[in-house]
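Asker: The structure that follows is given in the form of structure tokens.
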Amino acid sequence: MEMHLQPLATTCFVSGQPFAEGDRVASFLVRATTLDVVRYDLLATEASSFAPEGFVACRWVQAFKPQAHENAARTLKLNAENLFLTLAEPANELNVESTRLLQFLALMLERKKLLRPKGQSADGTKSVYEHAKSKQLFEVPMGDLTPEFFVAVQEQLTVLVGSKPQKPVISQTETSVQAAT
């Protein structure tokens with residue numbers, strides 16, 4: 001899974017006001033009506049009135065930290081690992097959709113051996129993972145991996161990466177009726 005998205009903006013999408021270090025910034029990943037995946041960054045105070053056109057795949061809040069422009073091409077590439085690292089940042093505030101996506105990404109990256117399970121948090125509500133490259137520990141809320149969970153994740157991923165239109169399925173009865181006419 002690989003997408004090309006903009007890095008964290010330096011100004012609020014709604015007000016145009018530049019972010020200052022420590023500002024709470026709400027980030028949205030949205031599948032726009034043009035089917036492009038767009039990232040919107042805005043002050044958290046503006047988030048309640050923000051209604052983007054399209055489907056919001058996930059949303060999180062983070063403290064703004066000015067970034068040094070090290071490798072712009074690498075920053076533009078958002079893959080599963082980068083999305084996990086962004087969502088799992090301890091300072092981020094997650095909602096239900098983002099938590100679900102984070103849980104799925106942890107499962108996927110553990111399978112790819114990019115994350116190593118290290119047990120549970122002291123209170124038993126979170127799984128602890130170690131990122132293989134950075135050795136950084138991340139806590140991911142535990143959840144039930146039910147069929148409903150995977151259906152919801154599939155909808156989110158479809159929004160982010162798109163899907164091919166499926167051919168309509170014709171039942172045996174419809175085929176018999178068409179042949180008779």
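Note on naming: chains are A, B, ... as they come in the structure tokens, residues start from 1 per chain, ligands start from 1 in the order shown.
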Identify, on the basis of only C-alpha atoms, every residue whose closest approach to Ala91 in chain A does not exceed 9 Å; exclude the query and any residue fewer than 5 positions from it along the same chain; express the result as a ChimeraX atom specification.

Answerer: /A:61-63

Asker: DSSP says alpha helix (DSSP H) for which residues of range 82-170 of chain A? Put them as a PyMOL selection string?

Answerer: chain A and resi 82-88+96-111+147-161

Asker: Would you export the selected residues with N, CA and C atoms as a CSV table (one decimal), in the first residue's frame, please?

Answerer:
```
chain,number,residue,atom,x,y,z
A,82,ASN,N,4.8,4.4,7.3
A,82,ASN,CA,4.8,5.8,7.7
A,82,ASN,C,3.5,6.2,8.3
A,83,LEU,N,2.4,5.7,7.8
A,83,LEU,CA,1.1,6.0,8.3
A,83,LEU,C,1.0,5.5,9.7
A,84,PHE,N,1.5,4.2,10.0
A,84,PHE,CA,1.5,3.7,11.3
A,84,PHE,C,2.3,4.6,12.3
A,85,LEU,N,3.5,5.0,11.9
A,85,LEU,CA,4.3,5.8,12.7
A,85,LEU,C,3.7,7.2,13.0
A,86,THR,N,3.0,7.7,12.0
A,86,THR,CA,2.3,9.0,12.2
A,86,THR,C,1.1,8.8,13.2
A,87,LEU,N,0.3,7.8,13.0
A,87,LEU,CA,-0.9,7.6,13.9
A,87,LEU,C,-0.4,7.2,15.3
A,88,ALA,N,0.6,6.4,15.4
A,88,ALA,CA,1.1,5.9,16.7
A,88,ALA,C,1.9,6.9,17.5
A,96,VAL,N,-12.1,6.9,16.9
A,96,VAL,CA,-12.5,5.4,16.6
A,96,VAL,C,-11.9,4.9,15.3
A,97,GLU,N,-12.1,5.7,14.2
A,97,GLU,CA,-11.6,5.3,12.9
A,97,GLU,C,-10.1,5.2,12.9
A,98,SER,N,-9.4,6.2,13.4
A,98,SER,CA,-7.9,6.1,13.4
A,98,SER,C,-7.4,5.0,14.3
A,99,THR,N,-8.1,4.7,15.4
A,99,THR,CA,-7.6,3.6,16.3
A,99,THR,C,-7.8,2.3,15.6
A,100,ARG,N,-8.9,2.1,14.9
A,100,ARG,CA,-9.1,0.9,14.1
A,100,ARG,C,-8.1,0.7,13.0
A,101,LEU,N,-7.8,1.8,12.3
A,101,LEU,CA,-6.7,1.7,11.3
A,101,LEU,C,-5.4,1.4,11.9
A,102,LEU,N,-5.1,2.0,13.0
A,102,LEU,CA,-3.8,1.8,13.7
A,102,LEU,C,-3.7,0.4,14.1
A,103,GLN,N,-4.7,-0.2,14.7
A,103,GLN,CA,-4.7,-1.6,15.1
A,103,GLN,C,-4.5,-2.5,13.8
A,104,PHE,N,-5.1,-2.2,12.7
A,104,PHE,CA,-4.9,-3.0,11.5
A,104,PHE,C,-3.5,-2.9,11.0
A,105,LEU,N,-3.0,-1.7,11.0
A,105,LEU,CA,-1.6,-1.5,10.5
A,105,LEU,C,-0.6,-2.2,11.4
A,106,ALA,N,-0.8,-2.2,12.7
A,106,ALA,CA,0.1,-2.9,13.6
A,106,ALA,C,0.1,-4.4,13.3
A,107,LEU,N,-1.1,-4.9,13.0
A,107,LEU,CA,-1.2,-6.3,12.7
A,107,LEU,C,-0.5,-6.6,11.4
A,108,MET,N,-0.7,-5.8,10.4
A,108,MET,CA,0.0,-6.0,9.1
A,108,MET,C,1.5,-5.8,9.2
A,109,LEU,N,2.0,-4.8,9.9
A,109,LEU,CA,3.4,-4.6,10.0
A,109,LEU,C,4.1,-5.6,10.9
A,110,GLU,N,3.4,-6.2,11.8
A,110,GLU,CA,3.9,-7.3,12.6
A,110,GLU,C,4.1,-8.5,11.7
A,111,ARG,N,3.2,-8.8,10.8
A,111,ARG,CA,3.3,-9.9,9.9
A,111,ARG,C,4.5,-9.7,8.9
A,147,PRO,N,-15.3,-9.9,12.5
A,147,PRO,CA,-15.6,-9.6,11.1
A,147,PRO,C,-16.0,-8.2,10.9
A,148,GLU,N,-16.7,-7.6,11.8
A,148,GLU,CA,-17.2,-6.2,11.7
A,148,GLU,C,-16.0,-5.2,11.7
A,149,PHE,N,-14.9,-5.6,12.5
A,149,PHE,CA,-13.7,-4.8,12.5
A,149,PHE,C,-13.1,-4.8,11.1
A,150,PHE,N,-13.0,-6.0,10.5
A,150,PHE,CA,-12.3,-6.0,9.2
A,150,PHE,C,-13.1,-5.4,8.1
A,151,VAL,N,-14.4,-5.5,8.2
A,151,VAL,CA,-15.3,-4.8,7.2
A,151,VAL,C,-15.1,-3.3,7.3
A,152,ALA,N,-15.0,-2.8,8.5
A,152,ALA,CA,-14.8,-1.3,8.7
A,152,ALA,C,-13.4,-0.9,8.2
A,153,VAL,N,-12.4,-1.7,8.4
A,153,VAL,CA,-11.1,-1.4,8.0
A,153,VAL,C,-11.0,-1.5,6.4
A,154,GLN,N,-11.7,-2.4,5.9
A,154,GLN,CA,-11.7,-2.6,4.4
A,154,GLN,C,-12.3,-1.3,3.8
A,155,GLU,N,-13.4,-0.8,4.4
A,155,GLU,CA,-14.0,0.5,3.9
A,155,GLU,C,-13.0,1.6,4.0
A,156,GLN,N,-12.3,1.7,5.1
A,156,GLN,CA,-11.3,2.8,5.2
A,156,GLN,C,-10.2,2.6,4.2
A,157,LEU,N,-9.7,1.4,4.0
A,157,LEU,CA,-8.6,1.2,3.0
A,157,LEU,C,-9.1,1.4,1.6
A,158,THR,N,-10.3,1.1,1.3
A,158,THR,CA,-10.8,1.3,0.0
A,158,THR,C,-10.8,2.8,-0.3
A,159,VAL,N,-11.2,3.6,0.7
A,159,VAL,CA,-11.1,5.1,0.5
A,159,VAL,C,-9.7,5.5,0.3
A,160,LEU,N,-8.7,5.0,1.0
A,160,LEU,CA,-7.4,5.5,0.9
A,160,LEU,C,-6.7,5.0,-0.4
A,161,VAL,N,-6.9,3.7,-0.8
A,161,VAL,CA,-6.1,3.2,-1.9
A,161,VAL,C,-7.0,3.0,-3.2
```

Asker: Give me, as an mmCIF file with C-alpha atoms, in the first residue's frame, all polymer residues having an atom no more than 8 Å from His131 in chain A, counting only C-alpha atoms and skipping those fewer than 5 positions away in the same chain.

Answerer:
```cif
data_model
loop_
_atom_site.group_PDB
_atom_site.id
_atom_site.type_symbol
_atom_site.label_atom_id
_atom_site.label_comp_id
_atom_site.auth_asym_id
_atom_site.auth_seq_id
_atom_site.Cartn_x
_atom_site.Cartn_y
_atom_site.Cartn_z
ATOM 1 C CA LEU A 114 8.536 -4.349 10.731
ATOM 2 C CA LEU A 115 7.022 -4.388 14.233
ATOM 3 C CA ARG A 116 7.833 -6.823 17.020
ATOM 4 C CA GLN A 136 11.098 2.811 19.371
ATOM 5 C CA LEU A 137 8.220 1.346 21.411
ATOM 6 C CA PHE A 138 4.605 2.072 20.458
#
```

Asker: Please indicate the distance in Å from CA of Val14 in chain A to CA of Leu29 in chain A, rounded to one decimal place.

Answerer: 15.1 Å

Asker: For a test of reading the model, state the distance in Å between CA of Asp41 in chain A and CA of Glu93 in chain A, rounded to one decimal.

Answerer: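 Here the two named atoms are 14.1 Å from each other.
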
Asker: Applying 7 Å and only C-alpha atoms, which residues near Lys118 in chain A remain after dropping the ones on its own chain fewer than 5 positions away? List them as a PDB file with N, CA and C atoms, in the first residue's frame.

Answerer:
```pdb
ATOM      1  N   VAL A 128       2.042  -3.546  23.140  1.00  0.00           N
ATOM      2  CA  VAL A 128       3.282  -2.796  22.955  1.00  0.00           C
ATOM      3  C   VAL A 128       4.055  -3.446  21.807  1.00  0.00           C
ATOM      4  N   TYR A 129       4.495  -2.594  20.856  1.00  0.00           N
ATOM      5  CA  TYR A 129       5.260  -3.053  19.706  1.00  0.00           C
ATOM      6  C   TYR A 129       6.563  -2.279  19.631  1.00  0.00           C
ATOM      7  N   GLU A 130       7.612  -2.948  19.152  1.00  0.00           N
ATOM      8  CA  GLU A 130       8.882  -2.297  18.912  1.00  0.00           C
ATOM      9  C   GLU A 130       9.069  -2.168  17.399  1.00  0.00           C
TER      10      GLU A 130
END
```

Asker: Which residue gives the smallest distance to Arg31 in chain A among A:Gln67, A:Cys12, A:Ser48, A:Phe55, with only C-alpha atoms counted?

Answerer: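 Looking only at the distances to Arg31 in chain A, the closest residue turns out to be A:Phe55.
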
Asker: I'd like to know which of A:Pro7, A:Pro66, A:Gly16, A:Pro90 is closest to Arg39 in chain A, using only C-alpha atoms.

Answerer: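 When distances to Arg39 in chain A are compared using only C-alpha atoms, the smallest one comes from A:Pro7.
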
Asker: Which distance in Å separates CA of Ala20 in chain A and CA of Arg59 in chain A, to one decimal?

Answerer: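 Result for CA of Ala20 in chain A versus CA of Arg59 in chain A: 20.2 Å, one decimal.
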
Asker: From the DSSP assignment of the backbone, select every residue of range 3-115 of chain A that is strand (DSSP E), and format the answer as an MDAnalysis selection string.

Answerer: chainID A and resid 3:4 24:31 37:43 55:63 77:79 93:94 115

Asker: With C-alpha atoms kept, could you save the residues just selected as a compact mmCIF listing (two decimals), in the first residue's frame?

Answerer:
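Result saved to part-v6.txt:
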```txt
# COMPACT_ATOMS: atom_id res chain seq x y z
CA MET A 3 0.28 6.72 -1.68
CA HIS A 4 1.79 10.12 -2.31
CA ARG A 24 -2.77 21.38 18.24
CA VAL A 25 -3.20 20.45 14.57
CA ALA A 26 -6.01 18.19 13.34
CA SER A 27 -5.06 16.14 10.28
CA PHE A 28 -7.64 14.53 8.00
CA LEU A 29 -7.07 11.95 5.25
CA VAL A 30 -9.98 12.35 2.85
CA ARG A 31 -10.95 10.51 -0.32
CA VAL A 37 -6.61 11.07 -1.35
CA VAL A 38 -6.02 14.49 0.18
CA ARG A 39 -4.53 15.48 3.51
CA TYR A 40 -5.97 18.52 5.27
CA ASP A 41 -4.19 20.06 8.26
CA LEU A 42 -5.96 22.67 10.37
CA LEU A 43 -5.97 24.08 13.85
CA PHE A 55 -15.13 10.48 2.77
CA VAL A 56 -12.92 11.01 5.84
CA ALA A 57 -10.80 7.86 6.12
CA CYS A 58 -9.09 8.87 9.35
CA ARG A 59 -8.39 11.85 11.56
CA TRP A 60 -5.89 12.57 14.31
CA VAL A 61 -4.64 15.52 16.37
CA GLN A 62 -0.97 16.23 16.97
CA ALA A 63 1.22 18.97 18.38
CA LYS A 77 5.62 8.91 0.13
CA LEU A 78 3.08 7.66 2.60
CA ASN A 79 3.15 3.92 2.99
CA GLU A 93 -5.20 12.08 19.85
CA LEU A 94 -6.99 9.30 17.99
CA LEU A 115 7.02 -4.39 14.23
```

Asker: Using only C-alpha atoms, which of the listed residues (A:Glu89, A:Pro117, A:Glu81, A:Asp23) sits closest to Thr11 in chain A?

Answerer: A:Asp23
